[in-house]
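Okay, structure first, notes after.
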Amino acid sequence: MLQGLAFTWARLRHQWGRSAAVVLSLAIAVTAFVVLTSTARESRLVTVRTVNENYRSAYDILVRPKNSQTDLERSAGLVRPNYLSGIFGGITWQQLREIRQIPGTSVVAPIAMIGQVLQTTDVPVDVSSSLGGGRDAVGFTSSFVSARGQARAAGPAGYVYVTPNRLTWGPLTAPSQSFGAVERQGHRSVTTCRHAAPARRYGSPFEAARLWQVSCWSRVSGDPNGEWSPLGSYRYPAYITVSIPVTVAAVDPAAEAALAGLDGAVVAGRYLRQSDRPERLPAPANDSVAVPVIASSRPVVNERLIVKVHELPRRVVEAIHRGRGPSSIRHRMARLTDRPVRIIQVRAGEIVNSWLDAARLNAPAVDGYWVPGQVDYAGAAGGVLHPQPTRNGERTWASNLGRGSGGFVAVPPDAQGTAYRELSPHRLINSTTRKHGGLSIPVLDIVGTFDPYRIRGFSALSQVPLETYRAPTATPANRATERALGGQPLLPNMNPAGYLQSPPLLLTTLRGLRAFHNPAAFTRQNTPKAPISVVRVRVAGVTGADPVSRERIRLVAQRIQESTGLHVDITIGSSPAPQEVRLRDRPLGTPPFTVVENWVKKGVATQVIAAIDRKSLALFILILVSSGLAVANATNASVRARRRELGVLACLGWRRRTLIQAVCSELLILGLTAGIIGSLASIPVSHVLGSPVGAPRALLAVPVALLVVFISGVAPALWVGSIEPIFAVRPPGSPRLPKIPLRGVVAVAISALIRTPGRFIAAALSVSLGIASLIVLLSIALAFQGDVVGTLLGDAVALQVRTPDIVAGAFIALLGIVTVLDLIYLDLREQAPKYASLQATGWTDARLMGLLVWQAALTGFCGALVGAAGGIAAVNWLVSLNQDVIKVAAAVAVAAVITSAVAALIPALAIRRLPTARLLAEE
Amino acid sequence: MGAHTDRSMAEGTVVLEDVTKRYRLGDGSWLTAIDCPNFVAESGSSTALVGPSGSGKSTLLHLVGAIDKPDRGRITVGGLDLTALNRRQLADYRSTIGFVFQQYHLLPAMSALDNVMAPLVGRKVSYDRKQRALELLTSVGLADRAHAVPSQMSGGQQQRVAIARALINNPRLLLADEPTGNLDATTAAGIIELLRGLQAERGMTMIVGTHDEAIAKRCDTVVPIEQGALDADPGRRLSSG
């Protein structure tokens with residue numbers, strides 16, 4: 001045994017150059033393995049940490065009514081961001097109770113969307129500075145501008161009349177006649193500022209006559225009531241009546257506090273109490289019930305009221321003064337050119353806040369509410385979605401409140417725009433036609449104000465829709481939209497049927513629902529039994545993306561689904577998945593917008609972890625296989641070069657086992673040495689690469705090196721086992737190969753390569769493995785991104801794993817090139833007499849070097865061809881093939897051929913040091 | 001060592017019966033390297049196979065040394081039928097004989113001493129390997145070159161090391177294929193003297209393949225061989241004078 005080791009050691013020492021080369025290549029391979037796997041492991045840990053940190057969203061499970069999921073959501077595992085705006089009921093009280101009873105839930109937070117209550121407010125727009133002294137009047141037109149200035153809806157128009165005389169309200173002379181303020185003009189009274197006939201039924205809620213608004217002021221006593229406007233005395237505003245859609249929803253206060261910390265977001269007044277319920281008001285308002293609500297302090301409406309003030313010709317002022325009717329004045333004003341003397345802008349937020357301020361003082365009554373339906377989409381996941389417009393007829397806005405309403409409720413002008421949702425009106429039952437008991441008109445009692453910005457924050461990477469508090473954002477998806485929107489996101493306007501919907505401005509308790517779902521108050525009550533729109537559930541004991549937590553959530557979700565039959569989505573581990581949506585509001589004049597909405601892709605965290613696990617595993621295997629192949633090629637060549645020597649030993653009576661032991665002990669010594677060197681080297685190298693490894697991990701190099709030599713030693717060992725004594729005395733037979741006419745360097749190179757077909761194939765295979773690895777690595781990276789692409793979490797994670805990929809890919813390719821160099825080196829060493837002969841026959845050094853370079857280039861070419869084909873096939877199998885992958889594969893293959901050829905110059909330079917004379921003499 | 005390959009069985013007479021060995025040539029035709037109806041080398045004798053290059057001397061020695069296998073026929077050495085042995089038994093048989101090659105076939109990485117000891121690797125022996133190797137090197141006149149590697153030695157010295165290596169197992173059969181083929185006449189004569197002396201001293205059976213009549217004359221028996229065919233009157237004893 002000892003003699004065997006001494007024999008092995010003597011052999012290794014004798015061929016120290018070759019031994020050192022094998023040790024060096026193996027040491028580099030194992031160092032790279034330790035460092036790269038450490039980097040990849042580190043990268044995986046960072047990724048998993050990122051996933052875990054962003055795992056928990058506001059809620060873990062989203063429960064929606066059955067069939068409320070769109071086809072796209074179903075097919076692509078998505079949850080649309082605006083799911084809440086389209087679901088008004090569908091979950092029964094009984095189902096909510098069942099969900100609450102399911103063990104394992106920590107928060108069960110229902111939301112019942114009630115609808116959009118239309119409220120009107122008179123916005124005072126000060127035109128004093130445009131009015132002259134004495135009796136004067138200015139005209140005004142208004143419009144509502146939304147979509148960052150791109151959508152424009154006509155608003156009220158009219159005039160402001162100021163007189164030095166006193167004004168009072170005059171009695172109506174007849175129901176069908178117009179009415180107005182009575183101005184005392186000397187000895188006579190004239191009805192000036194005539195309004196439209198109140199009893200008239202308009203053809204449309206947006207008819208110009210209906211939107212005609214007149215404000216009359218006395219310079220001595222203010223309005224006909226003798227009061228001044230909120231702007232102060234001697235200020236003369238135009239009052240512009242604006243209809244505001246106010247979304248109202250009901251929540252469970254305790255659950256909402258636990259889910260989103262809503263109680264902590266209250267900035268004025270108080271939070272809702274569980275006991276808050278509609279309370280009938282005392283007489284004389286006992287036909288009303290006060291519904292306690294809290295209001296958002298940040299209305300999300302991107303809209304401006306633009307008021308253009310026009311100077312009126314004297315004859316028009318005189319016509320007003322003489323008491324001409326509204327149609328006459330409107331007709332005269334219509335002929336005026338659009339040359340405003342002043343333009344005044346009022347933000348919609350200010351209008352809403354002004355309404356809220358007023359509502360806090362005088363609880364506003366609800367005379368109806370409108371329930372918008374869901375948006376229907378055309379298009380598929382990955383493509384652009386086209387929300388399908390719908391139509392809400394004029395009857396949608398019809399009023400039940402008799403002749404005084406003109407047949408229609410006050411409708412926001414934006415409602416003239418494209419409708420993406422069908423609106424279901426729930427009108428207050430006319431007291432004169434009611435069939436049930438006493439009226440119960442809800443009045444909105446604002447008990448507190450909450451700031452949605454103070455709602456508990458969750459990671460942006462795992463955000464799930466919280467429509468209760470936040471408006472869905474739609475950011476520009478292309479240059480044109482970006483230009484049109486000024487680089488800003490698209491936000492909801494005041495169109496009750498619009499695509500984007502504002503979050504609820506008012507929240508009441510679930511008990512408050514009964515005020516709205518009261519058939520004695522509103523028409524079309526068909527959802528009192530199933531008033532809950534969605535239920536958001538948080539599961540107890542969830543600590544991260546670990547399997548136990550995932551199983552807990554899955555179990556609760558399954559139980560909810562089984563016991564209620566409702567549609568259940570597991571939203572934990574989700575991540576916003578940008579989805580392009582194309583919108584067009586033709587009636588309001590907007591150009592086509594392509595915007596990006598953050599839809600929610602479910603299960604992204606699990607996909608990310610699974611994808612990175614797959615990638616890490618593939619990376620480790622590739623590094624190990626590449627290292628093994630490079631070392632196997634070197635050891636195989638080294639062992640096969642000793643054919644005669646081993647044959648001699650067989651002649652001397654060495655048994656097969658002894659021969660194998662001799663070769664294996666050599667490999668083990670080389671492996672052990674390389675492992676120790678790799679262990680020592682991996683510590684400083686890993687520090688340099690910024691992913692330091694400790695001693696225990698560095699020591700991993702030793703078993704890895706031994707494993708590599710074990711695997712790479714299998715082929716040589718098997719070959720040694722087949723050694724025959726005759727090998728000592730008979731040269732190896734050449735394979736039967738096609739005869740190549742040796743007309744040039746390339747032909748000689750081909751002939752040289754096929755002389756040792758095994759070695760050539762191994763080198764080409766090594767190159768092909770390197771190339772295929774690179775292509776597959778890229779494909780894995782693409783697939784990895786493909787798995788999670790389009791999700792914010794996936795994108796964040798993808799950025800974290802790129803560097804180790806590139807290093808590993810480059811390393812594997814490098815190993816392939818090193819194998820080619822080894823092929824050239826071995827050829828030069830073994831065929832030195834042949835090269836000496838060629839030199840003796842007049843071949844120049846450059847030509848001989850060219851011969852070696854051609855061998856390397858041809859090997860690289862064959863390897864590149866096979867590797868590219870294999871890589872592309874693998875990509876095609878793993879993920880779908882695209883042109884980019886083919887381009888990358890071609891680029892990698894070409895680079896490999898060039899690099900092989902250039903690198904071959906290193907061993908080729910040894911041609912110059914060839915001892916021609918000695919070699920020829922020996923030959 | 002197995003029963004069939006016992007040292008005692010390796011001793012004695014070498015017998016070839018109806019042995020043929022053919023090689024396929026590059027053009028697909030067959031070359032008969034050996035066609036030997038009968039050949040006997042008595043135990044303790046020295047036999048010279050004499051013939052020109054390519055006559056089949058080496059092939060016959062390879063067959064007797066179990067380096068190659070016959071296509072047909074039977075080869076027995078001391079009663080041991082080589083054609084009936086398995087791979088391992090053949091290896092054991094080879095460890096009991098000595099073989100000297102024309103090209104020496106020393107292991108270039110090893111010293112002369114290690115080369116001499118090489119056949120003992122993986123085998124149990126009752127004597128001190130190193131001591132025995134040194135004795136053999138001394139007997140071939142290379143005691144002072146024990147630690148030299150082959151590249152540091154002349155052809156004659158390398159062949160002496162090869163002879164010492166062939167004798168390390170105390171073989172009863174020594175096969176030598178053109179042992180002086182690469183040596184000058186003086187050195188060759190020295191080698192022949194050495195071989196003959198050792199053979200006589202140890203009582204080994206020796207078969208030498210050579211094309212040199214001078215060497216052949218030093219053997220007990222000369223067997224001419226041409227184109228694979230041995231002389232019909234084998235065992236022709238030539239005068240030692």
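By order of appearance in the structure tokens: chains A, B, ..., then residues from 1 within every chain, and ligands from 1 in the order shown.
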What are the nearest atom pairs, with distances in Å to one decimal, for all residues of chain A that come at most 8 Å from chain B, using only C-alpha atoms, set out by chain and rising residue number as a tab-separated table?
residue	atom	partner	partner_atom	distance
A:Met1	CA	B:Gly122	CA	6.9
A:Gln3	CA	B:Val121	CA	6.6
A:Gly4	CA	B:Val121	CA	6.0
A:Phe7	CA	B:Asp114	CA	7.5
A:Ala10	CA	B:Ala109	CA	6.4
A:Arg11	CA	B:Ala109	CA	5.1
A:Arg13	CA	B:Ala109	CA	7.8
A:His14	CA	B:Ala109	CA	5.0
A:Gln15	CA	B:Ala109	CA	7.4
A:Glu645	CA	B:Leu107	CA	6.6
A:Val648	CA	B:His105	CA	6.6
A:Leu649	CA	B:Pro119	CA	7.3
A:Ala650	CA	B:Ala91	CA	7.0
A:Cys651	CA	B:Ile67	CA	6.3
A:Leu652	CA	B:Pro119	CA	5.2
A:Gly653	CA	B:Ser95	CA	4.0
A:Trp654	CA	B:Ala91	CA	6.2
A:Arg655	CA	B:Ala91	CA	5.6
A:Arg656	CA	B:Arg88	CA	7.6
A:Thr658	CA	B:Gly122	CA	6.1
A:Glu724	CA	B:Ile67	CA	7.5
A:Pro725	CA	B:Ile67	CA	5.0
A:Ile726	CA	B:Ile67	CA	5.3
A:Ala728	CA	B:His105	CA	7.8
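Residues in contact with stretch 270-276 of chain A at 9 Å, where only C-alpha atoms are counted and same-chain residues fewer than 4 positions away are skipped, are listed as Asp252, Pro253, Ala254, Leu262, Asp263, Gly264, Ala265, Val266, Val291, Pro292, Val293, Ile294, Val447, Gly448, Thr449, Phe450, Leu507, Thr508, Thr509, Leu510, Arg511 and Gly512 of chain A.
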Restrict the selected residues to C-alpha atoms and save them as a JSON list (two decimals), in the first residue's frame.
[["chain", "number", "residue", "atom", "x", "y", "z"],
["A", 252, "ASP", "CA", -67.43, 46.85, 10.66],
["A", 253, "PRO", "CA", -65.63, 49.52, 12.74],
["A", 254, "ALA", "CA", -63.78, 47.04, 14.97],
["A", 262, "LEU", "CA", -58.85, 53.11, 10.58],
["A", 263, "ASP", "CA", -59.55, 54.20, 14.16],
["A", 264, "GLY", "CA", -56.06, 55.66, 14.34],
["A", 265, "ALA", "CA", -56.64, 57.64, 11.16],
["A", 266, "VAL", "CA", -59.42, 59.79, 12.64],
["A", 291, "VAL", "CA", -77.05, 57.82, 9.75],
["A", 292, "PRO", "CA", -73.72, 58.20, 11.57],
["A", 293, "VAL", "CA", -70.85, 58.41, 9.08],
["A", 294, "ILE", "CA", -67.20, 59.33, 9.09],
["A", 447, "VAL", "CA", -69.50, 62.24, 13.35],
["A", 448, "GLY", "CA", -65.82, 62.24, 12.47],
["A", 449, "THR", "CA", -63.22, 62.71, 9.80],
["A", 450, "PHE", "CA", -60.45, 60.27, 8.88],
["A", 507, "LEU", "CA", -68.23, 55.26, 5.84],
["A", 508, "THR", "CA", -70.99, 54.09, 8.10],
["A", 509, "THR", "CA", -71.47, 50.97, 10.18],
["A", 510, "LEU", "CA", -73.04, 47.76, 8.94],
["A", 511, "ARG", "CA", -76.06, 48.70, 11.02],
["A", 512, "GLY", "CA", -76.25, 51.94, 9.08]]
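Among A:Pro412, A:Pro389, A:Pro230, A:Gly373, the residue with the shortest atom-to-atom distance to A:Ser424, counting only C-alpha atoms, is A:Gly373.
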Identify, on the basis of only C-alpha atoms, every residue whose closest approach to stretch 825-836 of chain A does not exceed 10 Å; exclude the query and any residue fewer than 2 positions from it along the same chain; express the result as a ChimeraX atom specification. /A:18,634,637-638,641,752-753,755-756,759,819-823,838-841,843,845,848,851-852,855,904,906-908,910-911,914-923
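Proximity ranking of A:Phe408, A:Tyr453, A:Phe861, A:Phe760 relative to A:Arg210 places A:Phe408 first, based on only C-alpha atoms.
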Could you pull out all residues of stretch 33-223 of chain B with a DSSP call of strand (DSSP E or B) and give them as a VMD selection string? chain B and resid 33 to 41 46 to 50 72 to 77 80 to 81 98 to 100 173 to 177 205 to 210 221 to 223
Export N, CA and C atoms of the chosen residues as a CSV table (one decimal), in the first residue's frame?
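selection29.csv, freshly written:
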chain,number,residue,atom,x,y,z
B,33,ALA,N,0.6,-14.1,-38.2
B,33,ALA,CA,1.9,-13.7,-37.4
B,33,ALA,C,2.5,-15.0,-36.9
B,34,ILE,N,1.7,-15.9,-36.5
B,34,ILE,CA,2.2,-17.2,-35.9
B,34,ILE,C,1.4,-18.3,-36.4
B,35,ASP,N,2.1,-19.3,-36.9
B,35,ASP,CA,1.4,-20.6,-37.3
B,35,ASP,C,2.3,-21.7,-36.8
B,36,CYS,N,2.0,-22.2,-35.6
B,36,CYS,CA,3.0,-23.0,-34.9
B,36,CYS,C,2.3,-24.4,-34.6
B,37,PRO,N,2.5,-25.4,-35.3
B,37,PRO,CA,1.8,-26.7,-35.0
B,37,PRO,C,2.4,-27.2,-33.7
B,38,ASN,N,3.6,-27.0,-33.4
B,38,ASN,CA,4.2,-27.6,-32.2
B,38,ASN,C,5.5,-26.9,-31.9
B,39,PHE,N,5.6,-26.6,-30.6
B,39,PHE,CA,6.9,-25.9,-30.1
B,39,PHE,C,7.1,-26.3,-28.7
B,40,VAL,N,8.3,-26.7,-28.3
B,40,VAL,CA,8.6,-27.0,-26.9
B,40,VAL,C,9.9,-26.4,-26.5
B,41,ALA,N,9.9,-25.8,-25.4
B,41,ALA,CA,11.1,-25.3,-24.8
B,41,ALA,C,11.2,-25.9,-23.4
B,46,SER,N,17.7,-22.7,-22.6
B,46,SER,CA,17.6,-21.4,-23.2
B,46,SER,C,17.4,-21.6,-24.7
B,47,THR,N,16.4,-20.9,-25.2
B,47,THR,CA,16.0,-21.1,-26.6
B,47,THR,C,16.1,-19.7,-27.3
B,48,ALA,N,16.6,-19.7,-28.5
B,48,ALA,CA,16.7,-18.5,-29.3
B,48,ALA,C,15.7,-18.7,-30.5
B,49,LEU,N,14.8,-17.7,-30.6
B,49,LEU,CA,14.0,-17.6,-31.8
B,49,LEU,C,14.7,-16.7,-32.7
B,50,VAL,N,15.0,-17.2,-33.9
B,50,VAL,CA,15.8,-16.4,-34.8
B,50,VAL,C,15.0,-16.2,-36.1
B,72,ARG,N,-6.1,-19.4,-31.9
B,72,ARG,CA,-6.4,-20.8,-31.9
B,72,ARG,C,-5.2,-21.6,-31.2
B,73,GLY,N,-5.4,-22.7,-30.7
B,73,GLY,CA,-4.3,-23.5,-30.2
B,73,GLY,C,-4.2,-23.4,-28.6
B,74,ARG,N,-3.2,-24.1,-28.1
B,74,ARG,CA,-3.0,-24.2,-26.7
B,74,ARG,C,-1.6,-23.9,-26.3
B,75,ILE,N,-1.4,-23.1,-25.3
B,75,ILE,CA,-0.1,-22.8,-24.8
B,75,ILE,C,0.0,-23.2,-23.3
B,76,THR,N,0.9,-24.1,-23.0
B,76,THR,CA,1.1,-24.5,-21.6
B,76,THR,C,2.5,-24.1,-21.1
B,77,VAL,N,2.5,-23.6,-19.9
B,77,VAL,CA,3.8,-23.3,-19.3
B,77,VAL,C,3.9,-24.1,-18.0
B,80,LEU,N,0.6,-25.4,-17.1
B,80,LEU,CA,-0.5,-24.4,-16.9
B,80,LEU,C,-1.0,-24.0,-18.3
B,81,ASP,N,-2.3,-24.2,-18.6
B,81,ASP,CA,-2.8,-23.9,-19.9
B,81,ASP,C,-3.2,-22.4,-19.8
B,98,GLY,N,9.5,-13.4,-16.1
B,98,GLY,CA,10.2,-12.1,-16.4
B,98,GLY,C,10.1,-11.8,-17.9
B,99,PHE,N,10.0,-10.6,-18.2
B,99,PHE,CA,9.9,-10.2,-19.6
B,99,PHE,C,10.8,-9.0,-19.8
B,100,VAL,N,11.7,-9.1,-20.8
B,100,VAL,CA,12.6,-8.0,-21.2
B,100,VAL,C,12.2,-7.6,-22.6
B,173,LEU,N,10.8,-18.5,-15.7
B,173,LEU,CA,10.7,-18.4,-17.2
B,173,LEU,C,11.1,-16.9,-17.5
B,174,LEU,N,12.1,-16.7,-18.3
B,174,LEU,CA,12.5,-15.4,-18.7
B,174,LEU,C,12.3,-15.2,-20.2
B,175,LEU,N,11.5,-14.3,-20.6
B,175,LEU,CA,11.3,-14.0,-22.0
B,175,LEU,C,12.0,-12.7,-22.4
B,176,ALA,N,12.8,-12.7,-23.4
B,176,ALA,CA,13.5,-11.5,-23.8
B,176,ALA,C,13.3,-11.2,-25.3
B,177,ASP,N,12.7,-10.1,-25.6
B,177,ASP,CA,12.4,-9.8,-27.0
B,177,ASP,C,13.4,-8.8,-27.5
B,205,THR,N,14.1,-21.2,-17.4
B,205,THR,CA,13.9,-21.4,-18.8
B,205,THR,C,14.0,-20.0,-19.5
B,206,MET,N,14.7,-19.9,-20.6
B,206,MET,CA,14.8,-18.6,-21.2
B,206,MET,C,14.5,-18.7,-22.7
B,207,ILE,N,13.6,-17.9,-23.2
B,207,ILE,CA,13.4,-17.8,-24.6
B,207,ILE,C,13.7,-16.4,-25.0
B,208,VAL,N,14.6,-16.3,-26.0
B,208,VAL,CA,15.1,-15.0,-26.5
B,208,VAL,C,14.7,-14.9,-28.0
B,209,GLY,N,14.1,-13.8,-28.3
B,209,GLY,CA,13.8,-13.5,-29.7
B,209,GLY,C,14.9,-12.6,-30.2
B,210,THR,N,15.5,-13.0,-31.3
B,210,THR,CA,16.6,-12.1,-31.9
B,210,THR,C,16.8,-12.4,-33.3
B,221,THR,N,19.3,-23.9,-27.6
B,221,THR,CA,18.5,-24.3,-28.8
B,221,THR,C,18.2,-23.0,-29.6
B,222,VAL,N,18.3,-23.2,-30.9
B,222,VAL,CA,17.9,-22.1,-31.9
B,222,VAL,C,16.8,-22.6,-32.7
B,223,VAL,N,15.8,-21.8,-32.7
B,223,VAL,CA,14.6,-22.1,-33.5
B,223,VAL,C,14.4,-21.0,-34.6
The distance between atom CA of A:Pro124 and atom CA of A:Val145 is 17.9 Å
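With only C-alpha atoms as the atoms that count, the minimum distance from A:Trp719 to the choices A:Asn636, A:Asn495, A:Ser146, A:Asn882 is reached by A:Asn636.
Atom CA of A:Ser189 to atom CA of A:Val123 spans 29.3 Å [interatomic distance, one decimal].
Atom to atom, atom CA of A:Trp16 and atom CA of A:Ala630 stand 18.8 Å apart.
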